[in-house]
$ cat upload_31.txt   # compact mmCIF, N, CA, C and O atoms
# COMPACT_ATOMS: atom_id res chain seq x y z
N MET A 1 -29.97 10.41 51.81
CA MET A 1 -31.41 10.54 52.01
C MET A 1 -31.81 10.10 53.40
O MET A 1 -32.80 10.56 53.93
N GLY A 2 -31.03 9.24 54.05
CA GLY A 2 -31.38 8.73 55.37
C GLY A 2 -31.42 9.81 56.43
O GLY A 2 -32.34 9.83 57.26
N ILE A 3 -30.46 10.73 56.44
CA ILE A 3 -30.43 11.77 57.45
C ILE A 3 -31.56 12.78 57.22
O ILE A 3 -32.15 13.28 58.18
N ILE A 4 -31.92 13.04 55.97
CA ILE A 4 -33.03 13.94 55.68
C ILE A 4 -34.34 13.34 56.16
O ILE A 4 -35.17 14.02 56.77
N TRP A 5 -34.50 12.05 55.93
CA TRP A 5 -35.70 11.36 56.40
C TRP A 5 -35.75 11.37 57.93
O TRP A 5 -36.82 11.57 58.52
N THR A 6 -34.63 11.19 58.59
CA THR A 6 -34.56 11.25 60.05
C THR A 6 -34.96 12.63 60.56
O THR A 6 -35.67 12.75 61.55
N ILE A 7 -34.53 13.67 59.87
CA ILE A 7 -34.88 15.04 60.27
C ILE A 7 -36.38 15.29 60.09
O ILE A 7 -37.03 15.88 60.96
N VAL A 8 -36.94 14.83 58.99
CA VAL A 8 -38.38 15.01 58.76
C VAL A 8 -39.19 14.25 59.81
O VAL A 8 -40.13 14.80 60.41
N ILE A 9 -38.82 13.01 60.06
CA ILE A 9 -39.51 12.23 61.09
C ILE A 9 -39.30 12.86 62.46
O ILE A 9 -40.22 12.91 63.28
N GLY A 10 -38.10 13.37 62.72
CA GLY A 10 -37.82 14.04 64.00
C GLY A 10 -38.66 15.28 64.19
O GLY A 10 -39.11 15.57 65.30
N PHE A 11 -38.87 16.03 63.12
CA PHE A 11 -39.74 17.21 63.19
C PHE A 11 -41.15 16.80 63.61
O PHE A 11 -41.72 17.37 64.54
N LEU A 12 -41.69 15.81 62.93
CA LEU A 12 -43.04 15.35 63.27
C LEU A 12 -43.09 14.73 64.67
O LEU A 12 -44.05 14.93 65.42
N ALA A 13 -42.05 13.99 65.02
CA ALA A 13 -42.00 13.36 66.34
C ALA A 13 -41.91 14.40 67.44
O ALA A 13 -42.49 14.23 68.51
N GLY A 14 -41.19 15.48 67.21
CA GLY A 14 -41.09 16.55 68.20
C GLY A 14 -42.44 17.21 68.46
O GLY A 14 -42.78 17.50 69.61
N VAL A 15 -43.20 17.41 67.41
CA VAL A 15 -44.52 18.00 67.56
C VAL A 15 -45.44 17.04 68.32
O VAL A 15 -46.15 17.45 69.25
N VAL A 16 -45.42 15.76 67.96
CA VAL A 16 -46.25 14.77 68.65
C VAL A 16 -45.81 14.63 70.11
O VAL A 16 -46.65 14.57 71.02
N ALA A 17 -44.51 14.58 70.36
CA ALA A 17 -44.01 14.44 71.72
C ALA A 17 -44.40 15.63 72.58
O ALA A 17 -44.67 15.49 73.77
N LYS A 18 -44.44 16.81 72.00
CA LYS A 18 -44.85 18.01 72.73
C LYS A 18 -46.30 17.89 73.18
O LYS A 18 -46.65 18.26 74.29
N PHE A 19 -47.16 17.33 72.32
CA PHE A 19 -48.55 17.17 72.69
C PHE A 19 -48.75 16.03 73.69
O PHE A 19 -49.66 16.07 74.50
N ILE A 20 -47.90 15.00 73.63
CA ILE A 20 -48.02 13.87 74.55
C ILE A 20 -47.55 14.25 75.94
O ILE A 20 -48.16 13.86 76.93
N SER A 21 -46.45 14.98 76.03
CA SER A 21 -45.88 15.30 77.34
C SER A 21 -45.75 16.81 77.55
O SER A 21 -44.65 17.33 77.66
N PRO A 22 -46.89 17.53 77.60
CA PRO A 22 -46.79 18.96 77.87
C PRO A 22 -46.49 19.19 79.34
O PRO A 22 -46.79 18.36 80.19
N GLY A 23 -45.87 20.30 79.64
CA GLY A 23 -45.56 20.65 81.01
C GLY A 23 -45.05 22.08 81.08
O GLY A 23 -44.74 22.69 80.07
N SER A 24 -44.96 22.59 82.29
CA SER A 24 -44.55 23.98 82.45
C SER A 24 -43.07 24.18 82.14
O SER A 24 -42.66 25.26 81.75
N ASN A 25 -42.24 23.15 82.30
CA ASN A 25 -40.82 23.28 82.04
C ASN A 25 -40.43 22.80 80.65
O ASN A 25 -39.26 22.76 80.33
N GLU A 26 -41.38 22.41 79.87
CA GLU A 26 -41.09 21.97 78.51
C GLU A 26 -40.75 23.19 77.66
O GLU A 26 -41.19 24.30 77.94
N PRO A 27 -39.97 22.99 76.61
CA PRO A 27 -39.66 24.12 75.74
C PRO A 27 -40.95 24.62 75.08
O PRO A 27 -41.69 23.83 74.51
N SER A 28 -41.21 25.89 75.19
CA SER A 28 -42.47 26.41 74.67
C SER A 28 -42.35 26.87 73.23
O SER A 28 -43.35 27.03 72.56
N GLY A 29 -41.15 27.09 72.75
CA GLY A 29 -40.97 27.55 71.38
C GLY A 29 -41.07 26.42 70.39
O GLY A 29 -40.62 25.30 70.62
N PHE A 30 -41.68 26.72 69.26
CA PHE A 30 -41.86 25.73 68.20
C PHE A 30 -40.52 25.26 67.66
O PHE A 30 -40.32 24.06 67.43
N ILE A 31 -39.59 26.17 67.48
CA ILE A 31 -38.29 25.81 66.91
C ILE A 31 -37.51 24.93 67.88
O ILE A 31 -36.92 23.92 67.48
N LEU A 32 -37.50 25.28 69.16
CA LEU A 32 -36.77 24.48 70.14
C LEU A 32 -37.38 23.08 70.27
O LEU A 32 -36.66 22.09 70.36
N THR A 33 -38.70 22.99 70.27
CA THR A 33 -39.36 21.69 70.33
C THR A 33 -39.00 20.86 69.11
O THR A 33 -38.74 19.66 69.22
N THR A 34 -38.97 21.48 67.94
CA THR A 34 -38.61 20.79 66.72
C THR A 34 -37.17 20.29 66.77
O THR A 34 -36.88 19.14 66.41
N ILE A 35 -36.26 21.13 67.24
CA ILE A 35 -34.85 20.74 67.34
C ILE A 35 -34.69 19.57 68.30
O ILE A 35 -33.96 18.61 68.02
N LEU A 36 -35.36 19.63 69.45
CA LEU A 36 -35.27 18.52 70.40
C LEU A 36 -35.89 17.25 69.83
O LEU A 36 -35.41 16.14 70.10
N GLY A 37 -36.94 17.38 69.04
CA GLY A 37 -37.52 16.21 68.37
C GLY A 37 -36.57 15.60 67.36
O GLY A 37 -36.45 14.37 67.27
N ILE A 38 -35.86 16.44 66.62
CA ILE A 38 -34.88 15.94 65.66
C ILE A 38 -33.74 15.24 66.39
O ILE A 38 -33.30 14.17 65.98
N ILE A 39 -33.29 15.84 67.50
CA ILE A 39 -32.23 15.20 68.29
C ILE A 39 -32.71 13.85 68.81
O ILE A 39 -31.98 12.86 68.76
N GLY A 40 -33.94 13.78 69.28
CA GLY A 40 -34.50 12.51 69.76
C GLY A 40 -34.58 11.46 68.67
O GLY A 40 -34.29 10.28 68.89
N ALA A 41 -34.95 11.88 67.46
CA ALA A 41 -35.03 10.93 66.34
C ALA A 41 -33.64 10.43 65.96
O ALA A 41 -33.46 9.24 65.68
N VAL A 42 -32.66 11.33 65.95
CA VAL A 42 -31.30 10.92 65.61
C VAL A 42 -30.75 9.97 66.67
O VAL A 42 -30.15 8.93 66.35
N VAL A 43 -31.00 10.29 67.94
CA VAL A 43 -30.54 9.41 69.03
C VAL A 43 -31.21 8.05 68.92
O VAL A 43 -30.56 7.01 69.05
N ALA A 44 -32.51 8.03 68.68
CA ALA A 44 -33.23 6.76 68.55
C ALA A 44 -32.73 5.95 67.36
O ALA A 44 -32.61 4.72 67.44
N THR A 45 -32.41 6.63 66.26
CA THR A 45 -31.90 5.93 65.08
C THR A 45 -30.56 5.27 65.37
O THR A 45 -30.37 4.07 65.11
N TYR A 46 -29.64 6.04 65.92
CA TYR A 46 -28.30 5.50 66.14
C TYR A 46 -28.25 4.52 67.31
O TYR A 46 -27.49 3.56 67.28
N LEU A 47 -29.09 4.73 68.32
CA LEU A 47 -29.16 3.76 69.41
C LEU A 47 -29.76 2.44 68.92
O LEU A 47 -29.27 1.36 69.27
N GLY A 48 -30.79 2.55 68.10
CA GLY A 48 -31.39 1.34 67.52
C GLY A 48 -30.43 0.59 66.63
O GLY A 48 -30.40 -0.65 66.61
N GLN A 49 -29.58 1.32 65.89
CA GLN A 49 -28.58 0.65 65.06
C GLN A 49 -27.50 0.01 65.92
O GLN A 49 -27.03 -1.08 65.61
N ALA A 50 -27.13 0.66 67.01
CA ALA A 50 -26.10 0.10 67.89
C ALA A 50 -26.61 -1.16 68.59
O ALA A 50 -25.84 -2.09 68.84
N LEU A 51 -27.90 -1.20 68.89
CA LEU A 51 -28.47 -2.37 69.55
C LEU A 51 -28.90 -3.46 68.57
O LEU A 51 -29.33 -4.53 68.99
N GLY A 52 -28.82 -3.15 67.28
CA GLY A 52 -29.16 -4.14 66.26
C GLY A 52 -30.64 -4.17 65.90
O GLY A 52 -31.09 -5.09 65.24
N TRP A 53 -31.41 -3.17 66.33
CA TRP A 53 -32.82 -3.14 66.01
C TRP A 53 -33.05 -2.66 64.58
O TRP A 53 -34.04 -3.04 63.95
N TYR A 54 -32.15 -1.81 64.08
CA TYR A 54 -32.24 -1.26 62.74
C TYR A 54 -30.94 -1.53 62.02
O TYR A 54 -29.89 -1.63 62.63
N THR A 55 -31.01 -1.59 60.70
CA THR A 55 -29.80 -1.72 59.91
C THR A 55 -29.30 -0.32 59.56
O THR A 55 -30.07 0.63 59.56
N PRO A 56 -28.01 -0.18 59.26
CA PRO A 56 -27.52 1.14 58.83
C PRO A 56 -28.28 1.61 57.59
O PRO A 56 -28.53 0.85 56.67
N GLY A 57 -28.68 2.86 57.61
CA GLY A 57 -29.46 3.41 56.52
C GLY A 57 -30.95 3.33 56.76
O GLY A 57 -31.73 3.94 56.06
N GLN A 58 -31.35 2.59 57.78
CA GLN A 58 -32.75 2.46 58.12
C GLN A 58 -33.02 3.38 59.31
O GLN A 58 -32.32 3.33 60.31
N GLY A 59 -34.02 4.21 59.20
CA GLY A 59 -34.34 5.14 60.28
C GLY A 59 -35.06 4.45 61.42
O GLY A 59 -35.49 3.30 61.33
N ALA A 60 -35.20 5.16 62.51
CA ALA A 60 -35.83 4.61 63.70
C ALA A 60 -37.31 4.37 63.50
O ALA A 60 -37.91 3.57 64.19
N GLY A 61 -37.90 5.03 62.57
CA GLY A 61 -39.33 4.92 62.42
C GLY A 61 -40.02 5.94 63.31
O GLY A 61 -39.41 6.53 64.20
N PHE A 62 -41.28 6.13 63.07
CA PHE A 62 -41.99 7.19 63.75
C PHE A 62 -42.14 6.93 65.24
O PHE A 62 -41.93 7.82 66.06
N ILE A 63 -42.49 5.72 65.62
CA ILE A 63 -42.69 5.41 67.04
C ILE A 63 -41.38 5.53 67.81
O ILE A 63 -41.34 6.11 68.90
N GLY A 64 -40.30 5.01 67.26
CA GLY A 64 -39.00 5.14 67.91
C GLY A 64 -38.57 6.58 68.03
O GLY A 64 -38.00 6.99 69.04
N ALA A 65 -38.86 7.38 67.00
CA ALA A 65 -38.51 8.80 67.04
C ALA A 65 -39.33 9.54 68.08
O ALA A 65 -38.81 10.42 68.77
N VAL A 66 -40.60 9.20 68.21
CA VAL A 66 -41.43 9.84 69.23
C VAL A 66 -40.93 9.49 70.62
O VAL A 66 -40.82 10.36 71.50
N VAL A 67 -40.58 8.23 70.83
CA VAL A 67 -40.04 7.83 72.13
C VAL A 67 -38.72 8.56 72.40
O VAL A 67 -38.50 9.07 73.51
N GLY A 68 -37.86 8.64 71.40
CA GLY A 68 -36.60 9.37 71.56
C GLY A 68 -36.84 10.84 71.86
O GLY A 68 -36.17 11.44 72.70
N ALA A 69 -37.81 11.44 71.19
CA ALA A 69 -38.12 12.85 71.42
C ALA A 69 -38.70 13.06 72.81
O ALA A 69 -38.37 14.06 73.49
N ILE A 70 -39.53 12.14 73.29
CA ILE A 70 -40.06 12.25 74.65
C ILE A 70 -38.95 12.16 75.67
O ILE A 70 -38.92 12.91 76.65
N VAL A 71 -37.99 11.26 75.43
CA VAL A 71 -36.85 11.14 76.35
C VAL A 71 -36.05 12.43 76.37
O VAL A 71 -35.69 12.94 77.44
N VAL A 72 -35.78 13.00 75.20
CA VAL A 72 -35.01 14.24 75.14
C VAL A 72 -35.79 15.38 75.79
O VAL A 72 -35.22 16.19 76.54
N LEU A 73 -37.10 15.47 75.56
CA LEU A 73 -37.91 16.50 76.20
C LEU A 73 -37.95 16.34 77.72
O LEU A 73 -37.93 17.32 78.46
N THR A 74 -37.97 15.10 78.19
CA THR A 74 -37.96 14.85 79.63
C THR A 74 -36.63 15.27 80.24
O THR A 74 -36.59 15.90 81.30
N ILE A 75 -35.54 14.94 79.56
CA ILE A 75 -34.22 15.36 80.04
C ILE A 75 -34.12 16.88 80.04
O ILE A 75 -33.61 17.48 80.99
N TRP A 76 -34.63 17.51 79.00
CA TRP A 76 -34.62 18.98 78.93
C TRP A 76 -35.41 19.56 80.10
O TRP A 76 -35.00 20.54 80.72
N SER A 77 -36.55 18.96 80.40
CA SER A 77 -37.39 19.44 81.48
C SER A 77 -36.67 19.32 82.82
O SER A 77 -36.71 20.23 83.65
N MET A 78 -35.99 18.20 83.03
CA MET A 78 -35.26 17.99 84.28
C MET A 78 -34.10 18.98 84.40
O MET A 78 -33.85 19.52 85.49
N LEU A 79 -33.40 19.23 83.33
CA LEU A 79 -32.27 20.18 83.37
C LEU A 79 -32.75 21.62 83.56
O LEU A 79 -32.11 22.38 84.28
N SER A 80 -33.86 21.97 82.93
CA SER A 80 -34.35 23.34 83.07
C SER A 80 -34.92 23.55 84.47
O SER A 80 -34.85 24.65 85.00
N ARG A 81 -35.50 22.52 85.07
CA ARG A 81 -36.00 22.62 86.43
C ARG A 81 -34.85 22.79 87.41
O ARG A 81 -34.96 23.53 88.38
N ARG A 82 -33.76 22.10 87.15
CA ARG A 82 -32.59 22.16 88.03
C ARG A 82 -31.94 23.55 87.98
O ARG A 82 -31.48 24.07 88.99
N SER A 83 -31.91 24.18 86.80
CA SER A 83 -31.26 25.48 86.68
C SER A 83 -32.14 26.62 87.18
O SER A 83 -31.65 27.72 87.42
N ALA A 84 -33.42 26.39 87.32
CA ALA A 84 -34.34 27.46 87.76
C ALA A 84 -34.35 27.65 89.25
O ALA A 84 -33.87 27.00 90.06
$ encode --input "upload_31.txt" --output "C-alpha cells"
Amino acid sequence: MGIIWTIVIGFLAGVVAKFISPGSNEPSGFILTTILGIIGAVVATYLGQALGWYTPGQGAGFIGAVVGAIVVLTIWSMLSRRSA
C-alpha cells in the first residue's frame, strides 16, 4: 500500500508543482507532469528514508512530495533548455 500511496501523492504533487513553478520549458503535457511528480514523490520518500526523516513504509508526505516534484521539474527544465 505504501507505493500506491506514494503514487497518489506524487500525482497530486506533480499538479501542484506545475502550478507553483510554471515556465516555458516545463513539461506541458498532463501525463508528463504527472509522471515527473510521481518520480519526485518517490525520490523524496526514499531520500527522506535514507536521511532518517521517515521510517520505511512511511511516505514523504505531501509537502515533501511537492518539493521533490519541484526539484524534478526544475531538473527537467534545465535539461530541456540545454538540448534546445
$ atom_distance --input "upload_31.txt" --atom1 "atom C of Ile3 of chain A" --atom2 "atom N of Val43 of chain A"
11.0 Å
$ residues_around --input "upload_31.txt" --residues "segment 11-21 of chain A" --least-positions-apart "6" --cutoff "7 Å" --atoms "only N, CA, C and O atoms" --output "ChimeraX atom specification"
/A:5,27,33-38,62,65-67,69-70,73
$ atom_distance --input "upload_31.txt" --atom1 "atom N of Val8 of chain A" --atom2 "atom O of Val71 of chain A"
18.6 Å
$ atom_distance --input "upload_31.txt" --atom1 "atom N of Thr45 of chain A" --atom2 "atom CA of Trp76 of chain A"
17.8 Å
$ select_by_dssp --input "upload_31.txt" --residues "segment 3-82 of chain A" --states "alpha helix (DSSP H)" --output "tab-separated table (two decimals) with N, CA, C and O atoms, keeping the file's coordinate frame"
chain	number	residue	atom	x	y	z
A	3	ILE	N	-30.46	10.73	56.44
A	3	ILE	CA	-30.43	11.77	57.45
A	3	ILE	C	-31.56	12.78	57.22
A	3	ILE	O	-32.15	13.28	58.18
A	4	ILE	N	-31.92	13.04	55.97
A	4	ILE	CA	-33.03	13.94	55.68
A	4	ILE	C	-34.34	13.34	56.16
A	4	ILE	O	-35.17	14.02	56.77
A	5	TRP	N	-34.50	12.05	55.93
A	5	TRP	CA	-35.70	11.36	56.40
A	5	TRP	C	-35.75	11.37	57.93
A	5	TRP	O	-36.82	11.57	58.52
A	6	THR	N	-34.63	11.19	58.59
A	6	THR	CA	-34.56	11.25	60.05
A	6	THR	C	-34.96	12.63	60.56
A	6	THR	O	-35.67	12.75	61.55
A	7	ILE	N	-34.53	13.67	59.87
A	7	ILE	CA	-34.88	15.04	60.27
A	7	ILE	C	-36.38	15.29	60.09
A	7	ILE	O	-37.03	15.88	60.96
A	8	VAL	N	-36.94	14.83	58.99
A	8	VAL	CA	-38.38	15.01	58.76
A	8	VAL	C	-39.19	14.25	59.81
A	8	VAL	O	-40.13	14.80	60.41
A	9	ILE	N	-38.82	13.01	60.06
A	9	ILE	CA	-39.51	12.23	61.09
A	9	ILE	C	-39.30	12.86	62.46
A	9	ILE	O	-40.22	12.91	63.28
A	10	GLY	N	-38.10	13.37	62.72
A	10	GLY	CA	-37.82	14.04	64.00
A	10	GLY	C	-38.66	15.28	64.19
A	10	GLY	O	-39.11	15.57	65.30
A	11	PHE	N	-38.87	16.03	63.12
A	11	PHE	CA	-39.74	17.21	63.19
A	11	PHE	C	-41.15	16.80	63.61
A	11	PHE	O	-41.72	17.37	64.54
A	12	LEU	N	-41.69	15.81	62.93
A	12	LEU	CA	-43.04	15.35	63.27
A	12	LEU	C	-43.09	14.73	64.67
A	12	LEU	O	-44.05	14.93	65.42
A	13	ALA	N	-42.05	13.99	65.02
A	13	ALA	CA	-42.00	13.36	66.34
A	13	ALA	C	-41.91	14.40	67.44
A	13	ALA	O	-42.49	14.23	68.51
A	14	GLY	N	-41.19	15.48	67.21
A	14	GLY	CA	-41.09	16.55	68.20
A	14	GLY	C	-42.44	17.21	68.46
A	14	GLY	O	-42.78	17.50	69.61
A	15	VAL	N	-43.20	17.41	67.41
A	15	VAL	CA	-44.52	18.00	67.56
A	15	VAL	C	-45.44	17.04	68.32
A	15	VAL	O	-46.15	17.45	69.25
A	16	VAL	N	-45.42	15.76	67.96
A	16	VAL	CA	-46.25	14.77	68.65
A	16	VAL	C	-45.81	14.63	70.11
A	16	VAL	O	-46.65	14.57	71.02
A	17	ALA	N	-44.51	14.58	70.36
A	17	ALA	CA	-44.01	14.44	71.72
A	17	ALA	C	-44.40	15.63	72.58
A	17	ALA	O	-44.67	15.49	73.77
A	18	LYS	N	-44.44	16.81	72.00
A	18	LYS	CA	-44.85	18.01	72.73
A	18	LYS	C	-46.30	17.89	73.18
A	18	LYS	O	-46.65	18.26	74.29
A	19	PHE	N	-47.16	17.33	72.32
A	19	PHE	CA	-48.55	17.17	72.69
A	19	PHE	C	-48.75	16.03	73.69
A	19	PHE	O	-49.66	16.07	74.50
A	20	ILE	N	-47.90	15.00	73.63
A	20	ILE	CA	-48.02	13.87	74.55
A	20	ILE	C	-47.55	14.25	75.94
A	20	ILE	O	-48.16	13.86	76.93
A	30	PHE	N	-41.68	26.72	69.26
A	30	PHE	CA	-41.86	25.73	68.20
A	30	PHE	C	-40.52	25.26	67.66
A	30	PHE	O	-40.32	24.06	67.43
A	31	ILE	N	-39.59	26.17	67.48
A	31	ILE	CA	-38.29	25.81	66.91
A	31	ILE	C	-37.51	24.93	67.88
A	31	ILE	O	-36.92	23.92	67.48
A	32	LEU	N	-37.50	25.28	69.16
A	32	LEU	CA	-36.77	24.48	70.14
A	32	LEU	C	-37.38	23.08	70.27
A	32	LEU	O	-36.66	22.09	70.36
A	33	THR	N	-38.70	22.99	70.27
A	33	THR	CA	-39.36	21.69	70.33
A	33	THR	C	-39.00	20.86	69.11
A	33	THR	O	-38.74	19.66	69.22
A	34	THR	N	-38.97	21.48	67.94
A	34	THR	CA	-38.61	20.79	66.72
A	34	THR	C	-37.17	20.29	66.77
A	34	THR	O	-36.88	19.14	66.41
A	35	ILE	N	-36.26	21.13	67.24
A	35	ILE	CA	-34.85	20.74	67.34
A	35	ILE	C	-34.69	19.57	68.30
A	35	ILE	O	-33.96	18.61	68.02
A	36	LEU	N	-35.36	19.63	69.45
A	36	LEU	CA	-35.27	18.52	70.40
A	36	LEU	C	-35.89	17.25	69.83
A	36	LEU	O	-35.41	16.14	70.10
A	37	GLY	N	-36.94	17.38	69.04
A	37	GLY	CA	-37.52	16.21	68.37
A	37	GLY	C	-36.57	15.60	67.36
A	37	GLY	O	-36.45	14.37	67.27
A	38	ILE	N	-35.86	16.44	66.62
A	38	ILE	CA	-34.88	15.94	65.66
A	38	ILE	C	-33.74	15.24	66.39
A	38	ILE	O	-33.30	14.17	65.98
A	39	ILE	N	-33.29	15.84	67.50
A	39	ILE	CA	-32.23	15.20	68.29
A	39	ILE	C	-32.71	13.85	68.81
A	39	ILE	O	-31.98	12.86	68.76
A	40	GLY	N	-33.94	13.78	69.28
A	40	GLY	CA	-34.50	12.51	69.76
A	40	GLY	C	-34.58	11.46	68.67
A	40	GLY	O	-34.29	10.28	68.89
A	41	ALA	N	-34.95	11.88	67.46
A	41	ALA	CA	-35.03	10.93	66.34
A	41	ALA	C	-33.64	10.43	65.96
A	41	ALA	O	-33.46	9.24	65.68
A	42	VAL	N	-32.66	11.33	65.95
A	42	VAL	CA	-31.30	10.92	65.61
A	42	VAL	C	-30.75	9.97	66.67
A	42	VAL	O	-30.15	8.93	66.35
A	43	VAL	N	-31.00	10.29	67.94
A	43	VAL	CA	-30.54	9.41	69.03
A	43	VAL	C	-31.21	8.05	68.92
A	43	VAL	O	-30.56	7.01	69.05
A	44	ALA	N	-32.51	8.03	68.68
A	44	ALA	CA	-33.23	6.76	68.55
A	44	ALA	C	-32.73	5.95	67.36
A	44	ALA	O	-32.61	4.72	67.44
A	45	THR	N	-32.41	6.63	66.26
A	45	THR	CA	-31.90	5.93	65.08
A	45	THR	C	-30.56	5.27	65.37
A	45	THR	O	-30.37	4.07	65.11
A	46	TYR	N	-29.64	6.04	65.92
A	46	TYR	CA	-28.30	5.50	66.14
A	46	TYR	C	-28.25	4.52	67.31
A	46	TYR	O	-27.49	3.56	67.28
A	47	LEU	N	-29.09	4.73	68.32
A	47	LEU	CA	-29.16	3.76	69.41
A	47	LEU	C	-29.76	2.44	68.92
A	47	LEU	O	-29.27	1.36	69.27
A	48	GLY	N	-30.79	2.55	68.10
A	48	GLY	CA	-31.39	1.34	67.52
A	48	GLY	C	-30.43	0.59	66.63
A	48	GLY	O	-30.40	-0.65	66.61
A	49	GLN	N	-29.58	1.32	65.89
A	49	GLN	CA	-28.58	0.65	65.06
A	49	GLN	C	-27.50	0.01	65.92
A	49	GLN	O	-27.03	-1.08	65.61
A	50	ALA	N	-27.13	0.66	67.01
A	50	ALA	CA	-26.10	0.10	67.89
A	50	ALA	C	-26.61	-1.16	68.59
A	50	ALA	O	-25.84	-2.09	68.84
A	61	GLY	N	-37.90	5.03	62.57
A	61	GLY	CA	-39.33	4.92	62.42
A	61	GLY	C	-40.02	5.94	63.31
A	61	GLY	O	-39.41	6.53	64.20
A	62	PHE	N	-41.28	6.13	63.07
A	62	PHE	CA	-41.99	7.19	63.75
A	62	PHE	C	-42.14	6.93	65.24
A	62	PHE	O	-41.93	7.82	66.06
A	63	ILE	N	-42.49	5.72	65.62
A	63	ILE	CA	-42.69	5.41	67.04
A	63	ILE	C	-41.38	5.53	67.81
A	63	ILE	O	-41.34	6.11	68.90
A	64	GLY	N	-40.30	5.01	67.26
A	64	GLY	CA	-39.00	5.14	67.91
A	64	GLY	C	-38.57	6.58	68.03
A	64	GLY	O	-38.00	6.99	69.04
A	65	ALA	N	-38.86	7.38	67.00
A	65	ALA	CA	-38.51	8.80	67.04
A	65	ALA	C	-39.33	9.54	68.08
A	65	ALA	O	-38.81	10.42	68.77
A	66	VAL	N	-40.60	9.20	68.21
A	66	VAL	CA	-41.43	9.84	69.23
A	66	VAL	C	-40.93	9.49	70.62
A	66	VAL	O	-40.82	10.36	71.50
A	67	VAL	N	-40.58	8.23	70.83
A	67	VAL	CA	-40.04	7.83	72.13
A	67	VAL	C	-38.72	8.56	72.40
A	67	VAL	O	-38.50	9.07	73.51
A	68	GLY	N	-37.86	8.64	71.40
A	68	GLY	CA	-36.60	9.37	71.56
A	68	GLY	C	-36.84	10.84	71.86
A	68	GLY	O	-36.17	11.44	72.70
A	69	ALA	N	-37.81	11.44	71.19
A	69	ALA	CA	-38.12	12.85	71.42
A	69	ALA	C	-38.70	13.06	72.81
A	69	ALA	O	-38.37	14.06	73.49
A	70	ILE	N	-39.53	12.14	73.29
A	70	ILE	CA	-40.06	12.25	74.65
A	70	ILE	C	-38.95	12.16	75.67
A	70	ILE	O	-38.92	12.91	76.65
A	71	VAL	N	-37.99	11.26	75.43
A	71	VAL	CA	-36.85	11.14	76.35
A	71	VAL	C	-36.05	12.43	76.37
A	71	VAL	O	-35.69	12.94	77.44
A	72	VAL	N	-35.78	13.00	75.20
A	72	VAL	CA	-35.01	14.24	75.14
A	72	VAL	C	-35.79	15.38	75.79
A	72	VAL	O	-35.22	16.19	76.54
A	73	LEU	N	-37.10	15.47	75.56
A	73	LEU	CA	-37.91	16.50	76.20
A	73	LEU	C	-37.95	16.34	77.72
A	73	LEU	O	-37.93	17.32	78.46
A	74	THR	N	-37.97	15.10	78.19
A	74	THR	CA	-37.96	14.85	79.63
A	74	THR	C	-36.63	15.27	80.24
A	74	THR	O	-36.59	15.90	81.30
A	75	ILE	N	-35.54	14.94	79.56
A	75	ILE	CA	-34.22	15.36	80.04
A	75	ILE	C	-34.12	16.88	80.04
A	75	ILE	O	-33.61	17.48	80.99
A	76	TRP	N	-34.63	17.51	79.00
A	76	TRP	CA	-34.62	18.98	78.93
A	76	TRP	C	-35.41	19.56	80.10
A	76	TRP	O	-35.00	20.54	80.72
A	77	SER	N	-36.55	18.96	80.40
A	77	SER	CA	-37.39	19.44	81.48
A	77	SER	C	-36.67	19.32	82.82
A	77	SER	O	-36.71	20.23	83.65
A	78	MET	N	-35.99	18.20	83.03
A	78	MET	CA	-35.26	17.99	84.28
A	78	MET	C	-34.10	18.98	84.40
A	78	MET	O	-33.85	19.52	85.49
A	79	LEU	N	-33.40	19.23	83.33
A	79	LEU	CA	-32.27	20.18	83.37
A	79	LEU	C	-32.75	21.62	83.56
A	79	LEU	O	-32.11	22.38	84.28
A	80	SER	N	-33.86	21.97	82.93
A	80	SER	CA	-34.35	23.34	83.07
A	80	SER	C	-34.92	23.55	84.47
A	80	SER	O	-34.85	24.65	85.00
A	81	ARG	N	-35.50	22.52	85.07
A	81	ARG	CA	-36.00	22.62	86.43
A	81	ARG	C	-34.85	22.79	87.41
A	81	ARG	O	-34.96	23.53	88.38
A	82	ARG	N	-33.76	22.10	87.15
A	82	ARG	CA	-32.59	22.16	88.03
A	82	ARG	C	-31.94	23.55	87.98
A	82	ARG	O	-31.48	24.07	88.99
